[in-house]
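Comments concern the structure below.
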Protein chains: 2
Amino acid sequence: MNAEIIAIGSEMLTHTRVDTNSLFLTEKLNGLGIEVVAKHVIGDDRARLTEAIRRALKDSRFLLISGGLGPTEDDLTRDAVAAALGREQIFNEEICAGIEQRFIAMNRKMPEINKRQAMVIEGARILSNDRGTAPGQWIEDGENIVMLLPGPPHEMKSMFTRECLPALAAIVPPSAIRTQIYRISGMSESDLDATIAPIYKPYENPVTTVLAHNGDLQVHLRARCATEEEAAALLAEVGGRIEEALGDRIYSKTEDPLETVVGQRLRERGETLAVAESATGGGLAERITSIPGSSDYFLGGFITYAMALKIKLLGVPEEILDEFGAVSEETAKAMAEGTRARLGSTYALAITGNAGPGTDGPQAPAGMMFVALASPDGTVVMHRQWPSDRARVRAFAGQMALDMLLKKLRGIVSHRIISS
Amino acid sequence: MNAEIIAIGSEMLTHTRVDTNSLFLTEKLNGLGIEVVAKHVIGDDRARLTEAIRRALKDSRFLLISGGLGPTEDDLTRDAVAAALGREQIFNEEICAGIEQRFIAMNRKMPEINKRQAMVIEGARILSNDRGTAPGQWIEDGENIVMLLPGPPHEMKSMFTRECLPALAAIVPPSAIRTQIYRISGMSESDLDATIAPIYKPYENPVTTVLAHNGDLQVHLRARCATEEEAAALLAEVGGRIEEALGDRIYSKTEDPLETVVGQRLRERGETLAVAESATGGGLAERITSIPGSSDYFLGGFITYAMALKIKLLGVPEEILDEFGAVSEETAKAMAEGTRARLGSTYALAITGNAGPGTDGPQAPAGMMFVALASPDGTVVMHRQWPSDRARVRAFAGQMALDMLLKKLRGIVSHRIISS
């Protein structure tokens, strides 16, 4: 039950365009239990298109083609599919009259070239287009099914939903699809994979995907079975073992990111948070406040980029800055405690470091970041040195800060307490 | 001179991911005069991958593959390319030692599976990865050239730019390609296009591209000619007319974004900036500090998400908040002036508003944002109501703030002065 998707058109091969039609189609196909195994974008070249269509039909039962159904010479989809299947095209009077009607409704005369849109591949079923002139086509060829869809997303989506989805649902055996998501923080992608690969590898079903983004990890399990019960049981089996292996490193079993989960906990407890940011320059607060309603628990804070502001706004003692430098455990601690004291929040997170690219002396190499969490029962500080670029170092530090706070809120002790 | 691009990885076939690496690669290849004729996304399936690679090499001289170079069993790129070319893979001690070093630098032990990343296809030239563990490979096979690049965009871009671009430039016949970039702020994409389309439309060369991202606009002109002189003359002709039409709405003729241009001006003048952010929650400061060296002119500031902090930290009079509300011209003005007075900066930018999605009463509908700029000769406030989503409203407000400051620094008067 495999599908391939081809987007056709040289304009789709410029450096500013991505094929988003395939995302919609993938979601709908996956929902029916059809797997998308490859996607292609091919320019307006007859031979290359014909060859790509032929090859896809050898590999995959379903082929969805979007674009190239317009009236111009560049629009080669009909010709290429006809050539690949070895079929003729037949002029359809009724379609032509319909297109003509659309032009009349706009007070225009149909240009002669639009007649090309009334050419139908032998044996095809017409797919009506309620948003534009180009009709689609549904062609069965042995086991294969080819769908020709228009390129403009609103035309394509309407046509696929009305015409193709019900027809596909009638063909594919009914199957139940269930997904389980785990979101994980505080470990590396390779450590995560080393931990769970022995669990998920033996299974082709559920399909397991590991995603990583700036220190935030996700594991997606997708089970496809004959019944809901079987799918649920399969997810419980594999997911249960993954949960056991990862323990409290899983922070969410939904799509909710770390900032949402932290926010929910704070709101439940009626507690508040404030921040002081140096090296991240506001990025942590920006992330926390990206969640609507974050004003319920987030008070605000300080961006103390200049050394003098750490003293003036946060009350970091000058001696600490002199003795240990701005990039230090001691400064991070004083920043967090100063913020908490001044703003009266339950918790305060502080970040200081050198995001790079240049070094700031032996104590502050590029990528060295300190994160402090001040709370009613003391302050914890963690530090890490990341090797990558400025934007990623800053994102990683924000992730570490939220991870520290969530662990605190969940009562997980994994940090060295340096003060209480 | 054709190229194809393959993105590898089943995670790239989910309904939430698009291959953006190919956009960067397309732009760079086009710049060399290499045409991208097809792009593919293929899942982690050894046979399908091998077949796709074989077919692409028959059709196109250059094949760029991104992804699938990681350490796990899923990472099949090396194996598939070796199979397609009929070559062996050889374990490379030196690469392995390098990967080990990266782990040591992070105080970690290299997992055993990472050794897979040290497997090199016979005859390949290694492409160094300065952002991650996976090295790339450059393989020549008759006329064909295959490049194996890592999937993470920041790793791929650095590797391609350092290692592949110069090597490709040495291979393709020199044609003189010149690019002119204009960055524009403070107008809408459709106004921009209406203004300049009559100028660039008649020309197939240079190729003109208009890009829009959260209120920041770019116009790219790319001229390809036999000689440098011809290309320069062509750009001067078309670019000159665009410059005339846009005037001071062009803020940069390089790739430098608004935050860089603002920073350069501040540094030249020996002036400083501070911020107070409510609705943007730190996003403006995050953007300003994304520029290395921004500590030369950026002091820091306040995130006053809670109403009480606007009073406590910025000295916004309670009567102003009571009378006009937090989302008002008066509050924005008081925030900017309070910040400037307290931190002693030359300029202060303040943002207050309702980023949405919910409304906060008739005076603060979703998307209503106020931005104030306090400077030695007074304070200006602008407001806009954007119709789009929370993340975009916040980004637009930050863009407006930087645009206001740059106009001030350039002596362009376009705001209403509400106080001086």
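Residues in the structure tokens are numbered from 1 in each chain, the chains being A, B, ... in the order shown, and ligands are numbered from 1 in the order shown.
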Select from chain A every residue with an atom at most 6 Å from any atom of chain B, then for each give the shortest pair of atoms and their distance in Å to one decimal, using only C-alpha atoms, rows by chain and rising number, as JSON lines.
```
{"residue": "A:His15", "atom": "CA", "partner": "B:Leu23", "partner_atom": "CA", "distance": 4.3}
{"residue": "A:Leu23", "atom": "CA", "partner": "B:His15", "partner_atom": "CA", "distance": 4.4}
{"residue": "A:Thr26", "atom": "CA", "partner": "B:His15", "partner_atom": "CA", "distance": 5.4}
{"residue": "A:Glu27", "atom": "CA", "partner": "B:His15", "partner_atom": "CA", "distance": 5.2}
{"residue": "A:Val37", "atom": "CA", "partner": "B:Gly43", "partner_atom": "CA", "distance": 5.7}
{"residue": "A:Ala38", "atom": "CA", "partner": "B:Ile42", "partner_atom": "CA", "distance": 4.6}
{"residue": "A:Lys39", "atom": "CA", "partner": "B:Val41", "partner_atom": "CA", "distance": 5.0}
{"residue": "A:His40", "atom": "CA", "partner": "B:His40", "partner_atom": "CA", "distance": 4.3}
{"residue": "A:Val41", "atom": "CA", "partner": "B:Lys39", "partner_atom": "CA", "distance": 5.0}
{"residue": "A:Ile42", "atom": "CA", "partner": "B:Ala38", "partner_atom": "CA", "distance": 4.6}
{"residue": "A:Gly43", "atom": "CA", "partner": "B:Val37", "partner_atom": "CA", "distance": 5.7}
{"residue": "A:Gly281", "atom": "CA", "partner": "B:Glu286", "partner_atom": "CA", "distance": 4.7}
{"residue": "A:Gly282", "atom": "CA", "partner": "B:Gly282", "partner_atom": "CA", "distance": 4.1}
{"residue": "A:Gly283", "atom": "CA", "partner": "B:Glu286", "partner_atom": "CA", "distance": 5.0}
{"residue": "A:Ala285", "atom": "CA", "partner": "B:Gly282", "partner_atom": "CA", "distance": 5.5}
{"residue": "A:Glu286", "atom": "CA", "partner": "B:Gly282", "partner_atom": "CA", "distance": 4.7}
{"residue": "A:Thr289", "atom": "CA", "partner": "B:Gly281", "partner_atom": "CA", "distance": 5.7}
{"residue": "A:Leu299", "atom": "CA", "partner": "B:Ala306", "partner_atom": "CA", "distance": 4.7}
{"residue": "A:Gly300", "atom": "CA", "partner": "B:Ile303", "partner_atom": "CA", "distance": 4.7}
{"residue": "A:Gly301", "atom": "CA", "partner": "B:Ile303", "partner_atom": "CA", "distance": 4.9}
{"residue": "A:Phe302", "atom": "CA", "partner": "B:Phe302", "partner_atom": "CA", "distance": 4.7}
{"residue": "A:Ile303", "atom": "CA", "partner": "B:Gly300", "partner_atom": "CA", "distance": 4.7}
{"residue": "A:Thr304", "atom": "CA", "partner": "B:Gly300", "partner_atom": "CA", "distance": 4.8}
{"residue": "A:Tyr305", "atom": "CA", "partner": "B:Gly300", "partner_atom": "CA", "distance": 4.8}
{"residue": "A:Ala306", "atom": "CA", "partner": "B:Leu299", "partner_atom": "CA", "distance": 4.8}
{"residue": "A:Ser388", "atom": "CA", "partner": "B:Arg131", "partner_atom": "CA", "distance": 5.5}
```
Print the selection's residues with C-alpha atoms to a file, as a tab-separated table (two decimals), in the first residue's frame.
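selection_24.tsv written:
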```
chain	number	residue	atom	x	y	z
A	15	HIS	CA	15.10	28.37	-4.71
A	23	LEU	CA	2.20	17.53	2.97
A	26	THR	CA	0.71	12.68	2.83
A	27	GLU	CA	-1.49	13.37	5.82
A	37	VAL	CA	7.63	6.19	0.14
A	38	ALA	CA	8.99	8.91	-2.15
A	39	LYS	CA	8.24	12.43	-3.34
A	40	HIS	CA	9.56	14.10	-6.45
A	41	VAL	CA	9.60	17.54	-8.01
A	42	ILE	CA	10.18	17.41	-11.75
A	43	GLY	CA	10.53	20.29	-14.20
A	281	GLY	CA	19.43	37.98	25.05
A	282	GLY	CA	15.71	37.38	25.52
A	283	GLY	CA	15.38	34.10	23.64
A	285	ALA	CA	11.55	34.62	27.58
A	286	GLU	CA	10.50	34.82	23.93
A	289	THR	CA	5.79	33.83	26.04
A	299	LEU	CA	6.07	37.78	35.21
A	300	GLY	CA	8.91	38.97	32.99
A	301	GLY	CA	12.52	39.71	33.77
A	302	PHE	CA	15.77	41.29	32.75
A	303	ILE	CA	18.05	41.27	29.77
A	304	THR	CA	21.42	42.15	31.29
A	305	TYR	CA	23.64	42.11	28.26
A	306	ALA	CA	26.01	44.79	29.57
A	388	SER	CA	28.10	24.54	17.49
```
Fewer than 5 positions away in the same chain doesn't count, so skip those; otherwise give me all residues within 9 Å of Thr352 in chain B, counting only C-alpha atoms, as an NGL selection string. :B and (276-280 or 326-329 or 331-332 or 335 or 368-372)
Restricting it to C-alpha atoms, dump the selection as a PDB file, in the first residue's frame.
```pdb
ATOM      1  CA  ALA B 276      11.404  47.057  27.153  1.00  0.00           C
ATOM      2  CA  GLU B 277       9.253  44.248  25.829  1.00  0.00           C
ATOM      3  CA  SER B 278       5.810  43.179  26.812  1.00  0.00           C
ATOM      4  CA  ALA B 279       3.927  41.395  24.020  1.00  0.00           C
ATOM      5  CA  THR B 280       7.090  40.303  22.207  1.00  0.00           C
ATOM      6  CA  ALA B 326      -1.361  48.400  28.902  1.00  0.00           C
ATOM      7  CA  VAL B 327      -1.977  48.262  25.146  1.00  0.00           C
ATOM      8  CA  SER B 328      -1.830  51.969  24.346  1.00  0.00           C
ATOM      9  CA  GLU B 329       0.293  54.709  22.874  1.00  0.00           C
ATOM     10  CA  THR B 331       1.962  53.072  27.934  1.00  0.00           C
ATOM     11  CA  ALA B 332       4.383  52.354  25.087  1.00  0.00           C
ATOM     12  CA  MET B 335       7.852  52.234  28.820  1.00  0.00           C
ATOM     13  CA  MET B 368      -2.756  45.311  18.005  1.00  0.00           C
ATOM     14  CA  MET B 369       0.820  46.360  18.749  1.00  0.00           C
ATOM     15  CA  PHE B 370       2.339  49.666  19.889  1.00  0.00           C
ATOM     16  CA  VAL B 371       6.035  50.406  19.389  1.00  0.00           C
ATOM     17  CA  ALA B 372       7.752  53.412  20.972  1.00  0.00           C
TER      18      ALA B 372
END
```
If you run DSSP on the backbone, which residues of range 246-337 of chain B are alpha helix (DSSP H), as JSON, numbers by chain? {"B": [246, 258, 259, 260, 261, 262, 263, 264, 265, 266, 267, 268, 269, 283, 284, 285, 286, 287, 288, 307, 308, 309, 310, 311, 312, 313, 314, 318, 319, 320, 321, 322, 323, 324, 329, 330, 331, 332, 333, 334, 335, 336, 337]}
Keeping only N, CA and C atoms, write the selected residues as a compact mmCIF listing (two decimals), in the first residue's frame.
```
# COMPACT_ATOMS: atom_id res chain seq x y z
N LEU B 246 12.49 52.80 -5.31
CA LEU B 246 12.27 52.48 -3.89
C LEU B 246 12.86 53.52 -2.95
N LEU B 258 18.23 43.73 9.05
CA LEU B 258 17.96 45.00 9.72
C LEU B 258 18.76 45.14 11.03
N GLU B 259 18.84 44.05 11.82
CA GLU B 259 19.51 44.14 13.12
C GLU B 259 21.00 44.39 12.95
N THR B 260 21.59 43.92 11.86
CA THR B 260 23.01 44.17 11.60
C THR B 260 23.22 45.62 11.19
N VAL B 261 22.37 46.10 10.31
CA VAL B 261 22.51 47.48 9.81
C VAL B 261 22.30 48.48 10.94
N VAL B 262 21.30 48.23 11.77
CA VAL B 262 21.06 49.09 12.94
C VAL B 262 22.30 49.07 13.84
N GLY B 263 22.82 47.87 14.10
CA GLY B 263 23.99 47.73 14.97
C GLY B 263 25.20 48.48 14.44
N GLN B 264 25.43 48.39 13.13
CA GLN B 264 26.58 49.10 12.53
C GLN B 264 26.47 50.60 12.75
N ARG B 265 25.27 51.12 12.52
CA ARG B 265 25.06 52.57 12.70
C ARG B 265 25.30 52.98 14.15
N LEU B 266 24.75 52.20 15.09
CA LEU B 266 24.93 52.53 16.50
C LEU B 266 26.41 52.51 16.87
N ARG B 267 27.12 51.50 16.40
CA ARG B 267 28.53 51.36 16.73
C ARG B 267 29.32 52.55 16.17
N GLU B 268 29.05 52.91 14.92
CA GLU B 268 29.73 54.06 14.30
C GLU B 268 29.52 55.35 15.09
N ARG B 269 28.32 55.50 15.60
CA ARG B 269 27.99 56.73 16.31
C ARG B 269 28.34 56.67 17.78
N GLY B 283 11.64 38.79 22.26
CA GLY B 283 11.98 38.45 20.87
C GLY B 283 12.78 39.54 20.17
N LEU B 284 12.50 40.80 20.49
CA LEU B 284 13.25 41.90 19.87
C LEU B 284 14.71 41.86 20.33
N ALA B 285 14.90 41.72 21.65
CA ALA B 285 16.27 41.67 22.19
C ALA B 285 16.99 40.43 21.67
N GLU B 286 16.29 39.34 21.57
CA GLU B 286 16.88 38.10 21.05
C GLU B 286 17.42 38.34 19.64
N ARG B 287 16.65 39.07 18.86
CA ARG B 287 17.06 39.35 17.48
C ARG B 287 18.26 40.30 17.44
N ILE B 288 18.22 41.32 18.29
CA ILE B 288 19.34 42.27 18.32
C ILE B 288 20.63 41.55 18.75
N MET B 307 1.65 43.23 34.34
CA MET B 307 1.31 44.65 34.47
C MET B 307 2.13 45.31 35.57
N ALA B 308 2.25 44.64 36.73
CA ALA B 308 2.93 45.24 37.89
C ALA B 308 4.38 45.58 37.57
N LEU B 309 5.01 44.79 36.68
CA LEU B 309 6.42 45.06 36.39
C LEU B 309 6.59 46.31 35.55
N LYS B 310 5.57 46.68 34.79
CA LYS B 310 5.66 47.92 34.01
C LYS B 310 5.78 49.10 34.96
N ILE B 311 5.11 49.00 36.09
CA ILE B 311 5.17 50.07 37.10
C ILE B 311 6.50 49.98 37.86
N LYS B 312 6.79 48.76 38.34
CA LYS B 312 7.93 48.58 39.24
C LYS B 312 9.27 48.78 38.52
N LEU B 313 9.41 48.17 37.34
CA LEU B 313 10.72 48.21 36.69
C LEU B 313 10.90 49.41 35.78
N LEU B 314 9.81 49.88 35.17
CA LEU B 314 9.94 50.95 34.17
C LEU B 314 9.41 52.28 34.68
N GLU B 318 0.89 54.47 37.29
CA GLU B 318 -0.30 53.64 37.44
C GLU B 318 -1.51 54.29 36.76
N GLU B 319 -1.55 55.62 36.81
CA GLU B 319 -2.70 56.32 36.22
C GLU B 319 -2.76 56.09 34.70
N ILE B 320 -1.59 56.00 34.07
CA ILE B 320 -1.58 55.76 32.62
C ILE B 320 -2.13 54.38 32.32
N LEU B 321 -1.70 53.39 33.09
CA LEU B 321 -2.21 52.04 32.88
C LEU B 321 -3.71 51.99 33.15
N ASP B 322 -4.15 52.69 34.20
CA ASP B 322 -5.58 52.70 34.53
C ASP B 322 -6.39 53.39 33.45
N GLU B 323 -5.87 54.54 32.98
CA GLU B 323 -6.66 55.35 32.06
C GLU B 323 -6.64 54.80 30.63
N PHE B 324 -5.45 54.39 30.17
CA PHE B 324 -5.31 54.01 28.76
C PHE B 324 -5.14 52.50 28.54
N GLU B 329 -0.77 53.80 23.25
CA GLU B 329 0.29 54.71 22.87
C GLU B 329 0.99 55.26 24.13
N GLU B 330 0.18 55.64 25.12
CA GLU B 330 0.72 56.27 26.31
C GLU B 330 1.60 55.30 27.09
N THR B 331 1.16 54.06 27.20
CA THR B 331 1.96 53.07 27.93
C THR B 331 3.26 52.77 27.18
N ALA B 332 3.17 52.61 25.87
CA ALA B 332 4.38 52.35 25.09
C ALA B 332 5.39 53.48 25.28
N LYS B 333 4.90 54.71 25.24
CA LYS B 333 5.76 55.88 25.41
C LYS B 333 6.41 55.88 26.79
N ALA B 334 5.60 55.63 27.83
CA ALA B 334 6.13 55.63 29.19
C ALA B 334 7.14 54.50 29.38
N MET B 335 6.91 53.36 28.73
CA MET B 335 7.85 52.23 28.82
C MET B 335 9.20 52.61 28.20
N ALA B 336 9.15 53.20 27.02
CA ALA B 336 10.40 53.55 26.34
C ALA B 336 11.15 54.62 27.11
N GLU B 337 10.44 55.62 27.57
CA GLU B 337 11.10 56.71 28.29
C GLU B 337 11.64 56.23 29.63
```
Write out as JSON, numbers by chain the residues lying within 12 Å of Thr254 in chain B, counting only C-alpha atoms and excluding same-chain residues fewer than 4 positions away. {"B": [179, 180, 181, 182, 183, 184, 218, 219, 220, 221, 250, 258, 260, 261]}
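Between CA of Ile145 in chain A and CA of Ser175 in chain A lies a distance of 19.5 Å.
Here CA of Pro317 in chain A and CA of Leu402 in chain A stand 25.9 Å from one another.
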Coordinates-based distance that separates CA of Ala374 in chain A from CA of Gly344 in chain A (Å, one decimal): 11.3 Å
Going by DSSP on the backbone, which residues of range 91-252 of chain A come out as strand (DSSP E or B)? List them as JSON, numbers by chain. {"A": [91, 119, 120, 121, 125, 126, 127, 136, 137, 138, 139, 140, 141, 144, 145, 146, 147, 148, 149, 176, 177, 178, 179, 180, 181, 182, 183, 184, 207, 208, 209, 210, 211, 212, 213, 216, 217, 218, 219, 220, 221, 222, 223, 224, 225, 250, 251, 252]}
Compile the contact shell of Arg116 in chain B as a PyMOL selection string: residues with an atom at most 12 Å away, counting only C-alpha atoms, same-chain residues fewer than 4 positions apart removed. chain B and resi 68-79+89-93+95-96+99+110-112+120-121+133-135
Can you tell me, as a ChimeraX atom specification, what residues are no more than 12 Å from Glu230 in chain B when counting only C-alpha atoms, ignoring any on the same chain fewer than 2 positions away? /B:175-178,205-206,223-228,232-237
Can I get the selection written as a PDB file, in the first residue's frame, with N, CA and C atoms?
```
ATOM      1  N   SER B 175      31.015  31.434 -16.263  1.00  0.00           N
ATOM      2  CA  SER B 175      30.199  32.480 -16.854  1.00  0.00           C
ATOM      3  C   SER B 175      30.122  33.487 -15.742  1.00  0.00           C
ATOM      4  N   ALA B 176      30.075  34.719 -16.090  1.00  0.00           N
ATOM      5  CA  ALA B 176      30.117  35.733 -15.049  1.00  0.00           C
ATOM      6  C   ALA B 176      28.732  35.880 -14.456  1.00  0.00           C
ATOM      7  N   ILE B 177      28.642  35.617 -13.174  1.00  0.00           N
ATOM      8  CA  ILE B 177      27.358  35.757 -12.500  1.00  0.00           C
ATOM      9  C   ILE B 177      27.492  36.806 -11.425  1.00  0.00           C
ATOM     10  N   ARG B 178      26.624  37.747 -11.469  1.00  0.00           N
ATOM     11  CA  ARG B 178      26.641  38.783 -10.439  1.00  0.00           C
ATOM     12  C   ARG B 178      25.277  38.913  -9.830  1.00  0.00           C
ATOM     13  N   ASN B 205      16.922  38.205 -18.140  1.00  0.00           N
ATOM     14  CA  ASN B 205      18.227  38.285 -17.511  1.00  0.00           C
ATOM     15  C   ASN B 205      18.449  39.759 -17.194  1.00  0.00           C
ATOM     16  N   PRO B 206      18.636  40.160 -15.968  1.00  0.00           N
ATOM     17  CA  PRO B 206      18.778  39.346 -14.758  1.00  0.00           C
ATOM     18  C   PRO B 206      17.467  38.688 -14.313  1.00  0.00           C
ATOM     19  N   ALA B 223      22.316  38.372 -12.561  1.00  0.00           N
ATOM     20  CA  ALA B 223      22.659  38.510 -13.982  1.00  0.00           C
ATOM     21  C   ALA B 223      23.719  37.471 -14.347  1.00  0.00           C
ATOM     22  N   ARG B 224      23.515  36.777 -15.436  1.00  0.00           N
ATOM     23  CA  ARG B 224      24.517  35.827 -15.914  1.00  0.00           C
ATOM     24  C   ARG B 224      24.925  36.233 -17.338  1.00  0.00           C
ATOM     25  N   CYS B 225      26.186  36.577 -17.513  1.00  0.00           N
ATOM     26  CA  CYS B 225      26.659  37.070 -18.809  1.00  0.00           C
ATOM     27  C   CYS B 225      28.009  36.441 -19.130  1.00  0.00           C
ATOM     28  N   ALA B 226      28.501  36.730 -20.315  1.00  0.00           N
ATOM     29  CA  ALA B 226      29.795  36.173 -20.724  1.00  0.00           C
ATOM     30  C   ALA B 226      30.936  36.806 -19.933  1.00  0.00           C
ATOM     31  N   THR B 227      30.807  38.075 -19.624  1.00  0.00           N
ATOM     32  CA  THR B 227      31.891  38.746 -18.895  1.00  0.00           C
ATOM     33  C   THR B 227      31.350  39.467 -17.656  1.00  0.00           C
ATOM     34  N   GLU B 228      32.272  39.716 -16.722  1.00  0.00           N
ATOM     35  CA  GLU B 228      31.949  40.480 -15.510  1.00  0.00           C
ATOM     36  C   GLU B 228      31.361  41.840 -15.857  1.00  0.00           C
ATOM     37  N   ALA B 232      27.798  43.308 -14.726  1.00  0.00           N
ATOM     38  CA  ALA B 232      27.743  44.509 -13.882  1.00  0.00           C
ATOM     39  C   ALA B 232      26.902  45.599 -14.542  1.00  0.00           C
ATOM     40  N   ALA B 233      27.069  45.759 -15.857  1.00  0.00           N
ATOM     41  CA  ALA B 233      26.325  46.789 -16.578  1.00  0.00           C
ATOM     42  C   ALA B 233      24.819  46.496 -16.553  1.00  0.00           C
ATOM     43  N   LEU B 234      24.485  45.219 -16.706  1.00  0.00           N
ATOM     44  CA  LEU B 234      23.079  44.806 -16.696  1.00  0.00           C
ATOM     45  C   LEU B 234      22.449  45.076 -15.333  1.00  0.00           C
ATOM     46  N   LEU B 235      23.191  44.732 -14.267  1.00  0.00           N
ATOM     47  CA  LEU B 235      22.680  44.973 -12.916  1.00  0.00           C
ATOM     48  C   LEU B 235      22.539  46.465 -12.645  1.00  0.00           C
ATOM     49  N   ALA B 236      23.499  47.234 -13.135  1.00  0.00           N
ATOM     50  CA  ALA B 236      23.447  48.684 -12.914  1.00  0.00           C
ATOM     51  C   ALA B 236      22.214  49.268 -13.599  1.00  0.00           C
ATOM     52  N   GLU B 237      21.903  48.718 -14.768  1.00  0.00           N
ATOM     53  CA  GLU B 237      20.754  49.216 -15.528  1.00  0.00           C
ATOM     54  C   GLU B 237      19.440  48.936 -14.798  1.00  0.00           C
TER      55      GLU B 237
END
```
Tell me, as number ranges by chain, which residues lie within 12 Å of Ser188 in chain A, counting only C-alpha atoms; anything in the same chain fewer than 2 positions away does not count. A: 184-186, 190-195, 210-218, 249, 386, 396, 400; B: 103, 106, 108, 110-111
